[in-house]
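Only one structure is covered here, and it is reproduced in the block below.
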Amino acid sequence: MRGPRRTLMLAIPLAAMLVASCGESSTDSPSFAVEAARAAPAAPAAMAAAPPPERVVIKEVPVERIVTQQVEKVVTQAVQFEAVATTDPGTVGSVLQEAAPPAAAQSQASTGSLLASETQVPDSGRKVIRTGSIGIVVADVPMSVKAIRGMVASIAGAFVSHTEIGGNEPYRISSITLRVPAERFDETIERIRSHGREVVAEDVTGRDVTAAFTDIESRMRNAQATEKQLLEIMATSRTVQSTLEVQREVAKVREQIEMFQGQLNVLADQAALSTITVNLHPVPDLRVERRAPDRYAMHESVEFPITVINDGTVELREVVLRDQLDPDLVFQFATKPGQYEESTHSVVWTIDRMAPGQSLELRTTARLEGDGRTMEVRAKASTASDVRGADLDQDEVRLPFFVDLGLDKERDVEVQVGRESSYSVGYANRGNADARDVRLVEGLPSGIAFIRATRGGQYDADQHAIVWEFPELAPGASGTVSYLARLETAAARQWFTTSIEASERDRATVDNRSVTFLTAIPEDGVEVVDTVERDWDPSETVSNSVEVLTGIGQWVANAAIVIGIIVAPIGAAVGAIGLAALGVHRTVIRGIRRRMP
């Protein structure tokens with residue numbers, strides 16, 4: 001009990017004890033009436049009818065007044081009793097003995113056998129509550145739950161109190177709570193171990209509640225003694241008001257007795273039946289994920305990130321990750337604790353433990369040095385723990401390489417006839433692999449005479465072209481070549497055809513060829529001869545076709561403008577004249593008809 005309510009409940013039995021012991025030989029004492037009532041409990045009506053002896057004077061004193069007076073006397077003792085009972089329950093009996101008169105103590109002692117027969121108190125021997133928790137890894141959660149239920153059914157008095165099944169997903173824990181007789185506790189724990197592929201956690205505790213059990217028993221006995229004293233007071237009450245007041249106190253004490261009895265029952269049940277919680281962990285999954293670098297090129301250093309994940313609810317032990325490098329990769333760096341093995345050309349990480357759900361970010365750095373073929377980098381993880389299938393514990397990255405050559409050249413040039421002019425051509429390798437045996441060819445028009453070229457350009461008289469050859473163009477490499485030539489023929493239309501190619505296949509050939517149109521500027525007194533036929537030939541270049549189509553479009557646009565400006569107003573005027581003539585005609589006809597007889 002706590003607070004004022006507990007103080008009142010403790011004060012009432014003390015007051016009752018004092019009331020019982022306050023009568024000696026005085027006929028004025030209220031206890032005299034109590035003793036008289038005890039002497040003849042079977043005939044209260046006859047006692048009330050018979051006149052009392054002349055030498056005895058009975059005074060009618062209300063019971064509530066007696067209780068109030070006695071409670072006021074023992075308030076101090078009750079407060080002291082409350083403090084002692086809170087700090088040391090074992091001294092409750094001694095404090096009560098000091099506070100109560102000898103007569104009350106004898107009365108309480110004399111009712112011990114009656115209390116034992118009225119209320120059943122659980123066995124007061126040593127009480128120990130045992131609880132256990134065990135986590136096991138199982139291959140199939142529903143099947144394991146079924147097996148554990150069958151095991152519980154075979155133990156007399158055992159039952160399943162709670163289940164929470166989450167399925168076989170590796171990141172969910174299922175649980176089942178058992179209640180088994182205390183004497184079968186160790187046996188049950190051992191049988192549960194055998195159901196798992198691995199025991200990941202186990203915790204067994206024992207809590208001795210003997211002292212708490214004894215304390216509650218003592219409190220209940222005191223409440224029962226208080227109840228007995230109140231019942232005796234109620235039996236001697238002479239008025240309805242006093243009887244009702246005592247009944248209210250009896251109800252309060254009875255509520256406390258039932259509360260104590262419930263606490264004793266709970267402790268006794270927990271001591272008799274042990275609780276075991278079984279946590280079922282699905283087999284974890286060890287996953288490896290990696291991604292290709294966003295940009296990479298030959299002769300560059302590239303990072304290869306790796307993510308290792310413990311996708312489960314149990315710890316993984318002795319995790320080993322091996323990143324197998326392609327033969328064309330040159331190892332440079334690895335995040336700790338990675339170690340490079342030259343014999344296997346791989347990087348190895350050894351991780352003692354990975355917590356449930358833990359994710360590790362690792363990285364290998366290597367330089368790309370190859371012949372252009374696709375490179376492969378594969379990471380694979382293993383562990384000493386029991387895990388699921390090996391379909392997710394490895395991942396690889398493939399690095400394809402390509403050549404992409406391109407030209408950069410003017411599309412139109414103007415050259416004066418008879419003068420030497422300089423021409424230039426830009427080139428580049430926009431791929432990520434080396435372009436080998438690169439050949440750049442500049443085809444000259446028939447009216448151009450070659451003079452000389454830079455960067456090793458050679459003139460091929462058979463093709464009337466200049467040729468440049470490069471053994472290799474690295475990714476991103478670019479340059480410019482130039483040559484000097486003289487325009488000798490005053491033809492109106494001439495063009496240069498330029499191409500570039502390598503021994504490797506080019507990813508996109510649309511920019512491997514280019515055409516430059518030449519416009520001849522005549523010398524003074526020399527007429528430019530147009531050697532190009534007027535009929536459009538589909539075999540001409542795309543630029544010529546575009547020019548023809550552009551001319552047609554311009555002609556159509558001009559015609560539309562002419563129609564809109566000239567033809568449309570004329571048409572509108574003609575229409576208006578026609579309408580006016582029609583109106584005049586109708587008017588004349590009507591006049592003629594009126595004049596006819």
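For the structure tokens, the naming scheme is as follows: chains receive sequential letters (A, B, ...) according to their order of presentation, residues are indexed from 1 within each chain, and ligands are indexed from 1 in presentation order.
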Could you make a table, as CSV, of the residues of segment 326-415 of chain A that have an atom within 6 Å of an atom of segment 501-513 of chain A, each with its nearest atom pair and distance in Å to one decimal, counting only C-alpha atoms, in chain and number order?
residue,atom,partner,partner_atom,distance
A:Val403,CA,A:Asp506,CA,5.1
A:Asp404,CA,A:Asp506,CA,5.2
A:Gly406,CA,A:Asp511,CA,5.0
Using DSSP on the backbone coordinates, identify all residues within segment 152-396 of chain A classified as alpha helix (DSSP H); present the result as JSON, numbers by chain. {"A": [152, 153, 185, 186, 187, 188, 189, 190, 191, 192, 193, 210, 211, 212, 213, 214, 215, 216, 217, 218, 219, 220, 221, 222, 223, 224, 225, 226, 227, 228, 229, 230, 231, 232, 233, 234, 235, 240, 241, 242, 243, 244, 245, 246, 247, 248, 249, 250, 251, 252, 253, 254, 255, 256, 257, 258, 259, 260, 261, 262, 263, 264, 265, 266, 267, 268, 269, 270, 271, 272]}
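A straight line drawn from atom CA of Glu318 of chain A to atom CA of Gly389 of chain A is 17.3 Å long.
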Got a sec: who's within 8 Å of Ile192 of chain A, counting only C-alpha atoms, leaving out chain neighbours fewer than 4 positions off, as a PyMOL selection string? chain A and resi 148+188+196
Same residues, N, CA and C atoms, output as a PDB file, in the first residue's frame:
ATOM      1  N   ILE A 148       8.171 -26.944 -33.579  1.00  0.00           N
ATOM      2  CA  ILE A 148       8.220 -26.511 -32.180  1.00  0.00           C
ATOM      3  C   ILE A 148       6.856 -26.678 -31.522  1.00  0.00           C
ATOM      4  N   THR A 188      13.631 -28.525 -22.445  1.00  0.00           N
ATOM      5  CA  THR A 188      13.016 -27.829 -23.569  1.00  0.00           C
ATOM      6  C   THR A 188      14.034 -26.967 -24.317  1.00  0.00           C
ATOM      7  N   GLY A 196      17.533 -25.850 -34.827  1.00  0.00           N
ATOM      8  CA  GLY A 196      18.174 -24.815 -35.619  1.00  0.00           C
ATOM      9  C   GLY A 196      19.438 -25.287 -36.302  1.00  0.00           C
TER      10      GLY A 196
END
Between atom CA of Asp462 of chain A and atom CA of Thr489 of chain A, what distance in Å does the model show, to one decimal? 19.2 Å
Fewer than 5 positions away in the same chain doesn't count, so skip those; otherwise give me all residues within 12 Å of segment 177-183 of chain A, counting only C-alpha atoms, as a VMD selection string. chain A and resid 127 to 135 145 148 to 165 188 to 189 192 206 268 to 280
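For the residues A:Thr454, A:Gly479, A:Asp412, A:Leu473, ranking by smallest atom-to-atom distance to Gly426 of chain A using only C-alpha atoms places A:Gly479 first.
Summary of the local environment: counting only C-alpha atoms, residues at most 8 Å from Ala297 of chain A, other than itself and those fewer than 4 positions away along its chain, are A:Leu368, A:Phe401, A:Gly431, A:Asn432, A:Ala433, A:Pro475.
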Between atom CA of Gly167 of chain A and atom CA of Arg290 of chain A, what is the spacing in Å? 28.6 Å
Could you pull the residues within 10 Å of Pro282 of chain A, counting only C-alpha atoms, minus those fewer than 4 positions along the same chain, as number ranges by chain? A: 136-141, 166-174, 197, 312-314, 387-388
Find, counting only C-alpha atoms, the residue in A:Leu444, A:Leu362, A:Val320, A:Leu484 that gets nearest to Ala334 of chain A. A:Leu362
When DSSP is applied to the backbone of this structure, which of segment 286-405 of chain A are assigned strand (DSSP E or B)? Write them out as a ChimeraX atom specification. /A:286-290,301-311,316-324,329-334,339-341,346-354,359-368,375-382,394-399,403,405
Need to verify the contact set: Leu392 of chain A, 9 Å, only C-alpha atoms, exclusion of same-chain residues closer than 2 positions in sequence. Can you return it as a PyMOL selection string? chain A and resi 285-289+388-390+394-395
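With only C-alpha atoms as the atoms that count, the minimum distance from Phe333 of chain A to the choices A:Ala366, A:Val515, A:Ile466, A:Val319 is reached by A:Ala366.
Closest approach to Asp371 of chain A from the set A:Asp393, A:Arg436, A:Gly418, A:Ser424 is made by A:Arg436, with distances taken over only C-alpha atoms.
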